[in-house]
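Everything below belongs to work11.tsv, which stores TSV, C-alpha atoms and all ligand atoms.
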```tsv
chain	number	residue	atom	x	y	z
A	1	MET	CA	-131.30	-26.84	11.71
A	2	SER	CA	-128.19	-27.53	9.68
A	3	GLU	CA	-125.45	-24.92	9.66
A	4	ILE	CA	-124.23	-23.68	6.29
A	5	VAL	CA	-120.46	-23.38	6.24
A	6	SER	CA	-118.76	-21.70	3.30
A	7	THR	CA	-116.30	-23.96	1.50
A	8	PHE	CA	-113.80	-21.15	1.94
A	9	ASP	CA	-114.15	-20.98	5.72
A	10	ARG	CA	-113.00	-24.43	6.85
A	11	ALA	CA	-109.91	-24.70	9.02
A	12	GLY	CA	-107.32	-27.07	7.58
A	13	PRO	CA	-104.84	-29.44	9.18
A	14	ALA	CA	-101.82	-27.92	10.93
A	15	PRO	CA	-98.68	-28.08	8.76
A	16	ALA	CA	-96.22	-30.88	9.53
A	17	ARG	CA	-93.27	-28.49	9.86
A	18	PRO	CA	-94.15	-24.81	10.09
A	19	LEU	CA	-91.65	-22.25	8.83
A	20	VAL	CA	-90.13	-20.39	11.78
A	21	ASP	CA	-87.28	-17.92	11.29
A	22	PRO	CA	-84.30	-17.34	13.62
A	23	PHE	CA	-86.23	-14.58	15.44
A	24	GLY	CA	-89.17	-16.86	16.20
A	25	ARG	CA	-91.45	-15.35	13.56
A	26	THR	CA	-93.71	-17.92	11.89
A	27	ILE	CA	-93.88	-17.38	8.14
A	28	ALA	CA	-97.54	-17.51	7.17
A	29	TYR	CA	-97.71	-15.07	4.27
A	30	LEU	CA	-96.24	-15.45	0.79
A	31	ARG	CA	-96.30	-12.69	-1.80
A	32	VAL	CA	-95.72	-13.85	-5.33
A	33	SER	CA	-94.69	-11.58	-8.16
A	34	VAL	CA	-96.12	-13.50	-11.12
A	35	THR	CA	-94.56	-11.18	-13.72
A	36	ASP	CA	-92.15	-8.25	-13.70
A	37	ARG	CA	-94.04	-6.67	-16.61
A	38	CYS	CA	-96.67	-3.99	-16.37
A	39	ASP	CA	-98.94	-1.90	-18.56
A	40	PHE	CA	-98.06	1.21	-16.47
A	41	ARG	CA	-94.73	2.88	-15.73
A	42	CYS	CA	-95.36	4.57	-12.36
A	43	VAL	CA	-92.68	7.16	-11.72
A	44	TYR	CA	-91.75	5.84	-8.26
A	45	CYS	CA	-91.67	2.22	-9.40
A	46	MET	CA	-90.14	2.02	-12.87
A	47	SER	CA	-88.08	4.03	-15.27
A	48	GLU	CA	-89.75	4.80	-18.59
A	49	HIS	CA	-87.58	2.35	-20.50
A	50	MET	CA	-87.41	-0.78	-18.45
A	51	ALA	CA	-85.51	-3.91	-19.40
A	52	PHE	CA	-87.74	-6.84	-18.51
A	53	LEU	CA	-86.75	-10.44	-17.97
A	54	PRO	CA	-86.70	-12.65	-21.05
A	55	LYS	CA	-89.88	-14.74	-21.04
A	56	THR	CA	-87.80	-17.94	-21.06
A	57	ASP	CA	-86.55	-17.10	-17.54
A	58	LEU	CA	-90.06	-17.12	-16.08
A	59	LEU	CA	-91.49	-19.99	-14.13
A	60	THR	CA	-94.49	-21.50	-15.86
A	61	LEU	CA	-97.88	-21.09	-14.21
A	62	GLU	CA	-97.71	-24.79	-13.26
A	63	GLU	CA	-94.34	-24.24	-11.59
A	64	LEU	CA	-95.68	-21.20	-9.74
A	65	ASP	CA	-98.59	-23.32	-8.56
A	66	ARG	CA	-96.22	-26.04	-7.33
A	67	LEU	CA	-94.05	-23.53	-5.48
A	68	CYS	CA	-97.02	-21.77	-3.85
A	69	SER	CA	-98.49	-25.13	-2.88
A	70	ALA	CA	-95.19	-26.20	-1.28
A	71	PHE	CA	-95.39	-23.09	0.90
A	72	VAL	CA	-99.03	-23.75	1.73
A	73	ALA	CA	-98.05	-27.28	2.82
A	74	ARG	CA	-95.52	-25.65	5.19
A	75	GLY	CA	-98.07	-23.41	6.85
A	76	VAL	CA	-98.48	-20.37	4.62
A	77	ARG	CA	-102.11	-19.23	5.15
A	78	LYS	CA	-102.19	-16.16	2.96
A	79	LEU	CA	-101.10	-15.82	-0.66
A	80	ARG	CA	-100.94	-12.50	-2.45
A	81	LEU	CA	-100.34	-12.36	-6.20
A	82	THR	CA	-98.61	-9.22	-7.29
A	83	GLY	CA	-96.06	-8.05	-9.84
A	84	GLY	CA	-95.44	-6.08	-12.06
A	85	GLU	CA	-99.10	-6.18	-12.90
A	86	PRO	CA	-100.39	-9.68	-12.04
A	87	LEU	CA	-103.41	-9.39	-14.35
A	88	VAL	CA	-101.27	-8.85	-17.46
A	89	ARG	CA	-99.61	-12.25	-17.13
A	90	ARG	CA	-101.12	-14.45	-19.85
A	91	GLY	CA	-103.30	-17.26	-18.45
A	92	ILE	CA	-103.16	-15.85	-14.91
A	93	MET	CA	-106.73	-16.99	-14.20
A	94	THR	CA	-105.68	-20.64	-14.50
A	95	LEU	CA	-103.23	-20.05	-11.63
A	96	VAL	CA	-105.86	-18.27	-9.54
A	97	GLU	CA	-108.33	-21.07	-10.22
A	98	SER	CA	-105.91	-23.81	-9.32
A	99	LEU	CA	-104.71	-22.06	-6.13
A	100	GLY	CA	-108.37	-21.73	-5.15
A	101	ARG	CA	-108.32	-25.44	-4.24
A	102	HIS	CA	-106.31	-24.57	-1.11
A	103	LEU	CA	-109.11	-22.27	0.02
A	104	ARG	CA	-111.65	-25.03	-0.42
A	105	SER	CA	-109.48	-27.54	1.47
A	106	GLY	CA	-109.07	-25.07	4.32
A	107	ALA	CA	-105.26	-25.02	3.99
A	108	LEU	CA	-105.32	-21.37	2.96
A	109	ASP	CA	-107.21	-18.52	4.65
A	110	GLU	CA	-106.87	-16.03	1.87
A	111	LEU	CA	-105.93	-15.73	-1.78
A	112	THR	CA	-105.67	-12.13	-2.81
A	113	LEU	CA	-103.94	-9.79	-5.20
A	114	THR	CA	-102.54	-6.31	-5.59
A	115	THR	CA	-103.38	-4.74	-8.91
A	116	ASN	CA	-103.26	-1.43	-10.70
A	117	GLY	CA	-106.89	-2.07	-11.66
A	118	SER	CA	-106.47	-1.69	-15.41
A	119	GLN	CA	-107.71	-5.23	-16.15
A	120	LEU	CA	-110.25	-5.55	-13.36
A	121	GLU	CA	-113.26	-4.93	-15.53
A	122	LYS	CA	-112.34	-8.05	-17.42
A	123	TYR	CA	-111.39	-10.29	-14.49
A	124	ALA	CA	-113.32	-9.18	-11.37
A	125	ARG	CA	-116.11	-11.78	-11.62
A	126	GLU	CA	-113.71	-14.60	-12.35
A	127	LEU	CA	-111.52	-13.67	-9.40
A	128	PHE	CA	-114.54	-13.87	-7.13
A	129	SER	CA	-115.64	-17.18	-8.56
A	130	HIS	CA	-112.22	-18.69	-7.80
A	131	GLY	CA	-112.43	-17.69	-4.15
A	132	VAL	CA	-110.76	-14.27	-4.07
A	133	ARG	CA	-112.69	-12.04	-1.64
A	134	ARG	CA	-110.48	-9.01	-1.09
A	135	ILE	CA	-108.12	-7.15	-3.40
A	136	ASN	CA	-105.84	-4.14	-3.15
A	137	VAL	CA	-106.07	-1.58	-5.92
A	138	SER	CA	-103.27	0.96	-6.25
A	139	LEU	CA	-104.54	4.43	-7.03
A	140	ASP	CA	-102.65	7.59	-6.13
A	141	THR	CA	-104.94	10.28	-7.51
A	142	LEU	CA	-108.46	10.89	-8.85
A	143	ASN	CA	-107.26	13.55	-11.25
A	144	PRO	CA	-106.93	12.12	-14.80
A	145	ASP	CA	-103.98	14.35	-15.75
A	146	LYS	CA	-102.08	13.63	-12.57
A	147	PHE	CA	-102.91	9.96	-12.99
A	148	ARG	CA	-101.37	10.00	-16.43
A	149	ALA	CA	-98.33	11.88	-15.12
A	150	ILE	CA	-97.77	9.40	-12.28
A	151	THR	CA	-98.40	6.19	-14.23
A	152	ARG	CA	-97.01	7.57	-17.53
A	153	TRP	CA	-99.18	5.14	-19.50
A	154	GLY	CA	-102.34	4.64	-17.43
A	155	GLU	CA	-105.95	5.75	-17.95
A	156	LEU	CA	-107.87	6.73	-14.85
A	157	ASP	CA	-111.28	5.91	-16.36
A	158	LYS	CA	-110.29	2.32	-16.93
A	159	VAL	CA	-109.13	1.90	-13.36
A	160	LEU	CA	-112.29	3.50	-11.96
A	161	ALA	CA	-114.40	1.19	-14.13
A	162	GLY	CA	-112.32	-1.70	-12.78
A	163	VAL	CA	-112.99	-0.62	-9.18
A	164	ASP	CA	-116.73	-0.48	-9.95
A	165	ALA	CA	-116.63	-3.92	-11.56
A	166	ALA	CA	-114.79	-5.38	-8.58
A	167	ALA	CA	-117.31	-3.94	-6.14
A	168	ALA	CA	-120.20	-5.22	-8.27
A	169	ALA	CA	-118.60	-8.69	-8.31
A	170	GLY	CA	-118.61	-8.70	-4.50
A	171	LEU	CA	-114.89	-8.12	-3.93
A	172	LYS	CA	-113.84	-6.05	-0.92
A	173	ILE	CA	-111.43	-3.39	-2.10
A	174	LYS	CA	-108.65	-1.59	-0.31
A	175	ILE	CA	-107.13	1.39	-2.08
A	176	ASN	CA	-103.36	1.85	-1.78
A	177	ALA	CA	-101.92	5.28	-2.49
A	178	VAL	CA	-98.25	6.20	-2.45
A	179	ALA	CA	-97.77	9.63	-0.86
A	180	LEU	CA	-95.83	11.80	-3.30
A	181	LYS	CA	-94.44	15.17	-2.32
A	182	GLY	CA	-95.99	18.00	-4.34
A	183	VAL	CA	-98.03	15.54	-6.44
A	184	ASN	CA	-100.90	14.07	-4.42
A	185	GLU	CA	-100.23	15.43	-0.94
A	186	ASP	CA	-103.12	17.91	-1.21
A	187	GLU	CA	-105.42	15.25	-2.55
A	188	ILE	CA	-105.26	12.77	0.29
A	189	PRO	CA	-108.45	14.07	1.97
A	190	ALA	CA	-110.27	13.73	-1.38
A	191	LEU	CA	-108.99	10.18	-1.85
A	192	LEU	CA	-110.01	9.36	1.70
A	193	GLU	CA	-113.55	10.70	1.30
A	194	TRP	CA	-113.94	8.95	-2.05
A	195	ALA	CA	-112.73	5.58	-0.73
A	196	HIS	CA	-114.63	5.73	2.54
A	197	GLY	CA	-117.74	6.97	0.77
A	198	ARG	CA	-117.70	3.69	-1.16
A	199	GLY	CA	-116.97	1.49	1.84
A	200	MET	CA	-113.33	0.96	0.89
A	201	ASP	CA	-110.35	1.24	3.23
A	202	LEU	CA	-107.50	3.50	2.17
A	203	THR	CA	-103.85	2.85	2.92
A	204	ILE	CA	-101.16	5.42	2.34
A	205	ILE	CA	-97.63	4.22	1.59
A	206	GLU	CA	-94.32	5.97	1.97
A	207	VAL	CA	-92.06	5.88	-1.09
A	208	MET	CA	-89.40	3.22	-0.67
A	209	PRO	CA	-85.95	3.55	-2.23
A	210	LEU	CA	-86.10	0.55	-4.56
A	211	GLY	CA	-84.65	0.50	-8.06
A	212	ASP	CA	-83.16	3.17	-10.25
A	213	ILE	CA	-86.03	5.28	-11.56
A	214	SER	CA	-84.00	8.05	-13.17
A	215	GLN	CA	-85.44	10.60	-10.72
A	216	ASP	CA	-84.33	11.82	-7.33
A	217	ARG	CA	-86.15	10.04	-4.49
A	218	LEU	CA	-85.95	13.15	-2.35
A	219	ASP	CA	-88.22	14.86	-4.87
A	220	GLN	CA	-90.86	12.21	-4.20
A	221	TYR	CA	-90.41	11.44	-0.52
A	222	LEU	CA	-93.15	12.66	1.78
A	223	PRO	CA	-92.97	11.37	5.36
A	224	LEU	CA	-96.31	10.03	6.50
A	225	SER	CA	-95.83	11.74	9.84
A	226	MET	CA	-96.48	14.97	7.89
A	227	VAL	CA	-99.49	13.51	6.08
A	228	ARG	CA	-100.93	12.41	9.38
A	229	ALA	CA	-100.31	15.80	10.98
A	230	HIS	CA	-102.19	17.51	8.12
A	231	LEU	CA	-105.06	15.05	8.31
A	232	ASN	CA	-105.26	15.61	12.06
A	233	GLU	CA	-106.12	19.25	11.41
A	234	ARG	CA	-109.26	18.17	9.54
A	235	TYR	CA	-110.26	14.80	10.95
A	236	SER	CA	-110.32	12.93	14.23
A	237	LEU	CA	-108.05	9.91	13.80
A	238	GLU	CA	-108.42	7.19	16.37
A	239	ASP	CA	-105.76	4.41	16.59
A	240	ILE	CA	-107.36	0.98	16.23
A	241	ASP	CA	-106.04	-2.58	16.55
A	242	TYR	CA	-107.26	-3.73	13.13
A	243	ARG	CA	-104.66	-5.85	11.26
A	244	THR	CA	-104.77	-7.53	7.86
A	245	GLY	CA	-101.55	-9.51	8.24
A	246	GLY	CA	-99.68	-6.78	6.36
A	247	PRO	CA	-97.49	-3.97	7.66
A	248	ALA	CA	-100.17	-1.24	7.77
A	249	ARG	CA	-101.19	0.40	11.04
A	250	TYR	CA	-104.77	1.65	11.05
A	251	VAL	CA	-106.80	4.51	12.40
A	252	ARG	CA	-110.54	5.06	12.27
A	253	VAL	CA	-111.55	8.38	10.75
A	254	LYS	CA	-114.39	9.56	12.94
A	255	GLU	CA	-115.99	11.84	10.35
A	256	THR	CA	-116.21	9.18	7.61
A	257	GLY	CA	-116.39	6.06	9.78
A	258	GLY	CA	-113.80	4.42	7.48
A	259	ARG	CA	-110.38	2.92	8.11
A	260	LEU	CA	-107.15	4.59	7.09
A	261	GLY	CA	-103.87	2.65	7.06
A	262	PHE	CA	-100.31	3.93	7.12
A	263	ILE	CA	-97.35	1.94	5.78
A	264	THR	CA	-94.28	3.72	7.05
A	265	PRO	CA	-91.12	1.76	6.32
A	266	LEU	CA	-88.95	4.87	6.66
A	267	THR	CA	-90.40	6.86	9.52
A	268	HIS	CA	-91.45	3.80	11.50
A	269	ASN	CA	-89.90	0.37	11.21
A	270	PHE	CA	-92.42	-2.43	10.64
A	271	CYS	CA	-90.07	-5.41	10.73
A	272	GLU	CA	-90.58	-6.91	14.19
A	273	SER	CA	-93.83	-8.60	13.33
A	274	CYS	CA	-92.88	-9.50	9.75
A	275	ASN	CA	-94.39	-12.87	8.83
A	276	ARG	CA	-93.82	-12.73	5.06
A	277	VAL	CA	-91.45	-13.71	2.33
A	278	ARG	CA	-91.52	-12.80	-1.36
A	279	LEU	CA	-91.16	-14.97	-4.41
A	280	THR	CA	-90.30	-13.61	-7.85
A	281	CYS	CA	-91.53	-14.92	-11.19
A	282	THR	CA	-88.16	-16.61	-11.73
A	283	GLY	CA	-88.37	-18.56	-8.47
A	284	THR	CA	-86.08	-16.35	-6.38
A	285	LEU	CA	-87.16	-16.04	-2.77
A	286	TYR	CA	-86.48	-12.74	-0.99
A	287	MET	CA	-86.68	-13.10	2.75
A	288	CYS	CA	-86.94	-9.31	3.20
A	289	LEU	CA	-88.22	-6.59	0.85
A	290	GLY	CA	-85.38	-4.34	1.98
A	291	GLN	CA	-82.38	-6.69	1.73
A	292	GLU	CA	-80.59	-8.20	-1.25
A	293	ASP	CA	-80.11	-11.69	0.18
A	294	ALA	CA	-82.17	-14.22	-1.76
A	295	ALA	CA	-82.48	-17.94	-2.36
A	296	ASP	CA	-82.95	-19.70	-5.68
A	297	LEU	CA	-85.90	-22.09	-5.54
A	298	ARG	CA	-86.08	-22.71	-9.29
A	299	ALA	CA	-83.15	-25.14	-9.37
A	300	PRO	CA	-84.47	-27.42	-6.58
A	301	LEU	CA	-87.98	-27.14	-8.05
A	302	ARG	CA	-86.80	-28.32	-11.44
A	303	ALA	CA	-84.31	-30.89	-10.15
A	304	SER	CA	-86.98	-33.29	-9.00
A	305	GLU	CA	-90.70	-33.94	-9.25
A	306	ALA	CA	-90.82	-34.58	-5.52
A	307	ASN	CA	-90.63	-31.64	-3.12
A	308	SER	CA	-87.88	-32.84	-0.78
A	309	LEU	CA	-85.09	-30.74	-2.35
A	310	LEU	CA	-87.40	-27.76	-2.51
A	311	ASP	CA	-88.32	-28.16	1.15
A	312	VAL	CA	-84.66	-28.19	2.14
A	313	ALA	CA	-84.04	-25.03	0.10
A	314	ILE	CA	-87.06	-23.31	1.70
A	315	ASP	CA	-85.87	-24.24	5.21
A	316	GLU	CA	-82.39	-22.99	4.44
A	317	ALA	CA	-83.78	-19.70	3.09
A	318	ILE	CA	-86.03	-19.10	6.11
A	319	SER	CA	-83.06	-19.73	8.42
A	320	ARG	CA	-81.47	-16.65	6.78
A	321	LYS	CA	-84.44	-14.30	7.14
A	322	PRO	CA	-82.92	-11.06	8.50
A	323	LYS	CA	-84.25	-9.15	11.47
A	324	GLY	CA	-85.23	-6.19	9.31
A	325	HIS	CA	-84.35	-3.70	6.62
A	326	ASP	CA	-82.43	-0.45	6.83
A	327	PHE	CA	-83.98	1.81	4.22
A	328	ILE	CA	-82.85	5.39	4.31
A	329	ILE	CA	-83.56	8.37	2.08
A	330	ASP	CA	-81.41	11.40	2.67
A	331	ARG	CA	-79.04	13.69	0.82
A	332	ARG	CA	-76.00	11.54	1.43
A	333	HIS	CA	-77.66	8.47	-0.12
A	334	GLN	CA	-78.49	9.48	-3.65
A	335	ARG	CA	-78.40	5.93	-5.03
A	336	PRO	CA	-81.34	3.60	-4.50
A	337	ALA	CA	-80.98	1.61	-1.28
A	338	LEU	CA	-81.44	-1.46	-3.44
A	339	PRO	CA	-80.91	-1.77	-7.19
A	340	ARG	CA	-83.94	-4.07	-7.51
A	341	HIS	CA	-87.24	-2.47	-8.60
A	342	MET	CA	-90.44	-2.95	-6.63
A	343	SER	CA	-91.94	-4.65	-9.70
A	344	VAL	CA	-89.47	-7.54	-9.28
A	345	THR	CA	-90.49	-8.48	-5.76
A	346	GLY	CA	-93.96	-6.95	-5.77
A	347	GLY	CA	-95.26	-4.40	-3.24
B	1	LIG	N1	-98.94	-3.40	-10.35
B	1	LIG	C1	-99.60	-3.67	-9.13
B	1	LIG	C2	-99.99	-2.38	-8.44
B	1	LIG	O1	-99.52	-1.33	-8.81
B	1	LIG	O2	-100.77	-2.49	-7.51
B	1	LIG	C3	-98.85	-4.56	-8.18
B	1	LIG	C4	-97.38	-4.34	-8.04
B	1	LIG	S1	-96.88	-2.77	-7.37
B	1	LIG	C5	-95.13	-2.94	-7.36
B	1	LIG	C6	-97.40	-2.97	-5.69
B	1	LIG	C7	-97.45	-1.71	-4.85
B	1	LIG	O3	-96.16	-1.20	-4.69
B	1	LIG	C8	-98.29	-0.61	-5.45
B	1	LIG	O4	-99.24	-0.18	-4.49
B	1	LIG	C9	-97.29	0.50	-5.71
B	1	LIG	O5	-97.87	1.76	-5.53
B	1	LIG	C10	-96.22	0.21	-4.69
B	1	LIG	N2	-94.91	0.72	-5.02
B	1	LIG	C11	-94.20	0.57	-6.17
B	1	LIG	N3	-92.99	1.17	-6.06
B	1	LIG	C12	-92.93	1.71	-4.82
B	1	LIG	C13	-91.94	2.44	-4.10
B	1	LIG	N4	-90.77	2.74	-4.63
B	1	LIG	N5	-92.24	2.82	-2.84
B	1	LIG	C14	-93.43	2.52	-2.25
B	1	LIG	N6	-94.39	1.82	-2.88
B	1	LIG	C15	-94.15	1.43	-4.15
B	2	LIG	FE1	-96.83	-1.18	-12.62
B	2	LIG	FE2	-97.69	-1.39	-10.13
B	2	LIG	FE3	-95.16	-0.58	-10.65
B	2	LIG	FE4	-97.18	1.02	-11.25
B	2	LIG	S1	-96.62	0.32	-9.19
B	2	LIG	S2	-95.45	0.51	-12.60
B	2	LIG	S3	-98.76	-0.37	-11.82
B	2	LIG	S4	-96.00	-2.55	-11.05
```
Let me see the structure of the file written as structure tokens.
Amino acid sequence: MSEIVSTFDRAGPAPARPLVDPFGRTIAYLRVSVTDRCDFRCVYCMSEHMAFLPKTDLLTLEELDRLCSAFVARGVRKLRLTGGEPLVRRGIMTLVESLGRHLRSGALDELTLTTNGSQLEKYARELFSHGVRRINVSLDTLNPDKFRAITRWGELDKVLAGVDAAAAAGLKIKINAVALKGVNEDEIPALLEWAHGRGMDLTIIEVMPLGDISQDRLDQYLPLSMVRAHLNERYSLEDIDYRTGGPARYVRVKETGGRLGFITPLTHNFCESCNRVRLTCTGTLYMCLGQEDAADLRAPLRASEANSLLDVAIDEAISRKPKGHDFIIDRRHQRPALPRHMSVTGG
């Protein structure tokens, strides 16, 4: 009997020269912020009046494809499109479609995205048809008023309809929620039961001090050690080895049977096993989410149609990948740890 193998499951050839940083970490995961723009203005991410990049500074979708493909040729096995809101970039589906060829060739294990869900109703089926199988949807509350207060401009109903559409299209969904002191801290059990009740994992994220948001970070910061302690009073949380290639550490919630992840950049450093780098929509490569050092890949990309200059620039950048970040939120550090907003480098 012949075996049916999915076109998205084939293993590809090993890269000629894998990307290995000075600490021996192989870079296999690229996150790409395809736009810095967004249809929401989440209070922990953006200020209400953001100055966005002029459109002329952006890489074209073809250039983004070329850059991503150069990384895939060097051993990147997982690509995540993010932003800003990736699904508000005009023509984004042509990029998703063209990157899908690396799934079919076996060079890429996964093409995925992080989205606020507002456009999912429109795009869920197309994402699936281009080879996307899992997505992360950011959702911090199920209360419409709180949702509006957190996102400033968002509509909960639209996001929930997007989640339904994604599930109906066959996409596996992970919900990401940022833990916000006094805002959604009481609601985490409700989010957990909702997500697990629909077969979705939930990951809770600590607020990171990125970008000036015209609000005090201390007002927002809720250590996940406290969230976990509260959950422990209600649920049995069992540590499990499950990994998705990202920084989350997972537990199984015995009562729901679902997985709960914690991303704790402040209370617990996640740098040692970091295998990722981040590319912005202008072609700047950040080797660490929590450091300012960056490399310009746009100039070498545009200087030549061949990739040799680009490859040299990528090697040079990876040789500068730092050991880790040093985020801190306390009363002595009232400024953001980094002036750059999360929407520039993506979450
Ligand atoms: N717009 C998309 C979304 O919201 O999913 C993708 C980009 S957004 C910057 C990616 C993730 O970063 C979201 O889950 C968001 O909640 C998270 N995020 C944004 N600012 C953050 C901050 N200061 N600290 C922690 N997480 C943050
Ligand atoms: Fe937009 Fe995502 Fe930032 Fe919210 S977290 S403002 S949805 S980029």
Self-check item: Point-to-point distance in Å for CA of Arg125 (chain A) and CA of Leu202 (chain A)
Solution: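 Interatomic distance here is 22.3 Å.
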Practice problem: Identify, counting only C-alpha atoms and all ligand atoms, the protein, DNA and RNA residues located within 8 Å of ligand LIG 2 (chain B), and give them as a ChimeraX atom specification. | Solution: /A:36-46,83-85,115-116,138,151,342-343,346-347
Self-check item: For CA of Met93 (chain A) and atom C9 of ligand LIG 1 (chain B), the interatomic separation in Å (one decimal)
Solution: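 Going from CA of Met93 (chain A) over to atom C9 of ligand LIG 1 (chain B), I get 21.6 Å.
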Quiz item: Residues at most 12 Å from Val20 (chain A), counting all atoms listed in the file, excluding those fewer than 2 positions away in the same chain, as a list of chain:residue names?
Solution: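 Those residues are A:Pro15, A:Arg17, A:Pro18, A:Pro22, A:Phe23, A:Gly24, A:Arg25, A:Thr26, A:Ile27, A:Ala28, A:Tyr29, A:Arg74, A:Gly75, A:Val76, A:Cys274, A:Asn275, A:Arg276, A:Val277, A:Ile314, A:Asp315, A:Glu316, A:Ala317, A:Ile318, A:Ser319, A:Arg320, A:Lys321.
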Keeping only C-alpha atoms, write those residues as a PDB file, in the coordinates of the input.
```
ATOM      1  CA  PRO A  15     -98.680 -28.080   8.760  1.00  0.00           C
ATOM      2  CA  ARG A  17     -93.270 -28.490   9.860  1.00  0.00           C
ATOM      3  CA  PRO A  18     -94.150 -24.810  10.090  1.00  0.00           C
ATOM      4  CA  PRO A  22     -84.300 -17.340  13.620  1.00  0.00           C
ATOM      5  CA  PHE A  23     -86.230 -14.580  15.440  1.00  0.00           C
ATOM      6  CA  GLY A  24     -89.170 -16.860  16.200  1.00  0.00           C
ATOM      7  CA  ARG A  25     -91.450 -15.350  13.560  1.00  0.00           C
ATOM      8  CA  THR A  26     -93.710 -17.920  11.890  1.00  0.00           C
ATOM      9  CA  ILE A  27     -93.880 -17.380   8.140  1.00  0.00           C
ATOM     10  CA  ALA A  28     -97.540 -17.510   7.170  1.00  0.00           C
ATOM     11  CA  TYR A  29     -97.710 -15.070   4.270  1.00  0.00           C
ATOM     12  CA  ARG A  74     -95.520 -25.650   5.190  1.00  0.00           C
ATOM     13  CA  GLY A  75     -98.070 -23.410   6.850  1.00  0.00           C
ATOM     14  CA  VAL A  76     -98.480 -20.370   4.620  1.00  0.00           C
ATOM     15  CA  CYS A 274     -92.880  -9.500   9.750  1.00  0.00           C
ATOM     16  CA  ASN A 275     -94.390 -12.870   8.830  1.00  0.00           C
ATOM     17  CA  ARG A 276     -93.820 -12.730   5.060  1.00  0.00           C
ATOM     18  CA  VAL A 277     -91.450 -13.710   2.330  1.00  0.00           C
ATOM     19  CA  ILE A 314     -87.060 -23.310   1.700  1.00  0.00           C
ATOM     20  CA  ASP A 315     -85.870 -24.240   5.210  1.00  0.00           C
ATOM     21  CA  GLU A 316     -82.390 -22.990   4.440  1.00  0.00           C
ATOM     22  CA  ALA A 317     -83.780 -19.700   3.090  1.00  0.00           C
ATOM     23  CA  ILE A 318     -86.030 -19.100   6.110  1.00  0.00           C
ATOM     24  CA  SER A 319     -83.060 -19.730   8.420  1.00  0.00           C
ATOM     25  CA  ARG A 320     -81.470 -16.650   6.780  1.00  0.00           C
ATOM     26  CA  LYS A 321     -84.440 -14.300   7.140  1.00  0.00           C
TER      27      LYS A 321
END
```
Exercise. Considering all atoms listed in the file, return as a list in words whatever protein or nucleic-acid residues lie within 9 Å of Ala294 (chain A), sequence-local ones (same chain, fewer than 5 positions apart) excluded.
Key: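 These residues fall inside the cut-off: Thr284, Leu285, Tyr286, Met287, Cys288, Ala317 and Arg320 of chain A.
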Just C-alpha atoms for this one: save the residues we selected as a short mmCIF file (atom, residue, chain, number, x, y, z; two decimals), keeping the file's coordinate frame.
```
data_model
loop_
_atom_site.label_atom_id
_atom_site.label_comp_id
_atom_site.auth_asym_id
_atom_site.auth_seq_id
_atom_site.Cartn_x
_atom_site.Cartn_y
_atom_site.Cartn_z
CA THR A 284 -86.08 -16.35 -6.38
CA LEU A 285 -87.16 -16.04 -2.77
CA TYR A 286 -86.48 -12.74 -0.99
CA MET A 287 -86.68 -13.10 2.75
CA CYS A 288 -86.94 -9.31 3.20
CA ALA A 317 -83.78 -19.70 3.09
CA ARG A 320 -81.47 -16.65 6.78
#
```
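Nearest to Ser129 (chain A) of all the residues A:Val34, A:Leu111, A:Ile175, A:Leu301 is A:Leu111, counting only C-alpha atoms.
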Quiz item: Of the residues A:Leu64, A:Val32, A:Ala124, A:Leu58, which is the one nearest to Ala168 (chain A), using all atoms listed in the file?
Solution: A:Ala124
Taking all atoms of ligand LIG 1 (chain B) that appear in the file, build a box with edges along x, y and z, extend it by 4 Å on every side, and state its centre and edge lengths in Å to one decimal, as lines of an AutoDock Vina configuration file.
```
center_x = -95.8
center_y = -0.9
center_z = -6.3
size_x = 18.0
size_y = 15.4
size_z = 16.1
```
Self-check item: Among listed residues A:Gly245, A:Gly170, A:Gly283, A:Gly261, nearest Arg80 (chain A) (using all atoms listed in the file)
Solution: A:Gly245
Quiz item: Quick one: distance from CA of Ala179 (chain A) to CA of Ser273 (chain A) in Å, one decimal?
Solution: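 Separation of CA of Ala179 (chain A) and CA of Ser273 (chain A): 23.4 Å.
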Practice problem: Find the residues around Asn307 (chain A) up to 9 Å (all atoms listed in the file counted), leave out those fewer than 5 positions away in its own chain, and share them as a ChimeraX atom specification. | Solution: /A:66,70,300-301,312
Those same residues, written as a short mmCIF file (atom, residue, chain, number, x, y, z; two decimals), keeping the file's coordinate frame with C-alpha atoms?
```
data_model
loop_
_atom_site.label_atom_id
_atom_site.label_comp_id
_atom_site.auth_asym_id
_atom_site.auth_seq_id
_atom_site.Cartn_x
_atom_site.Cartn_y
_atom_site.Cartn_z
CA ARG A 66 -96.22 -26.04 -7.33
CA ALA A 70 -95.19 -26.20 -1.28
CA PRO A 300 -84.47 -27.42 -6.58
CA LEU A 301 -87.98 -27.14 -8.05
CA VAL A 312 -84.66 -28.19 2.14
#
```
Quiz prompt | Best match for closeness to Asp164 (chain A) among A:Glu121, A:Asn176, A:Val137, A:Lys181, counting only C-alpha atoms | solution = A:Glu121
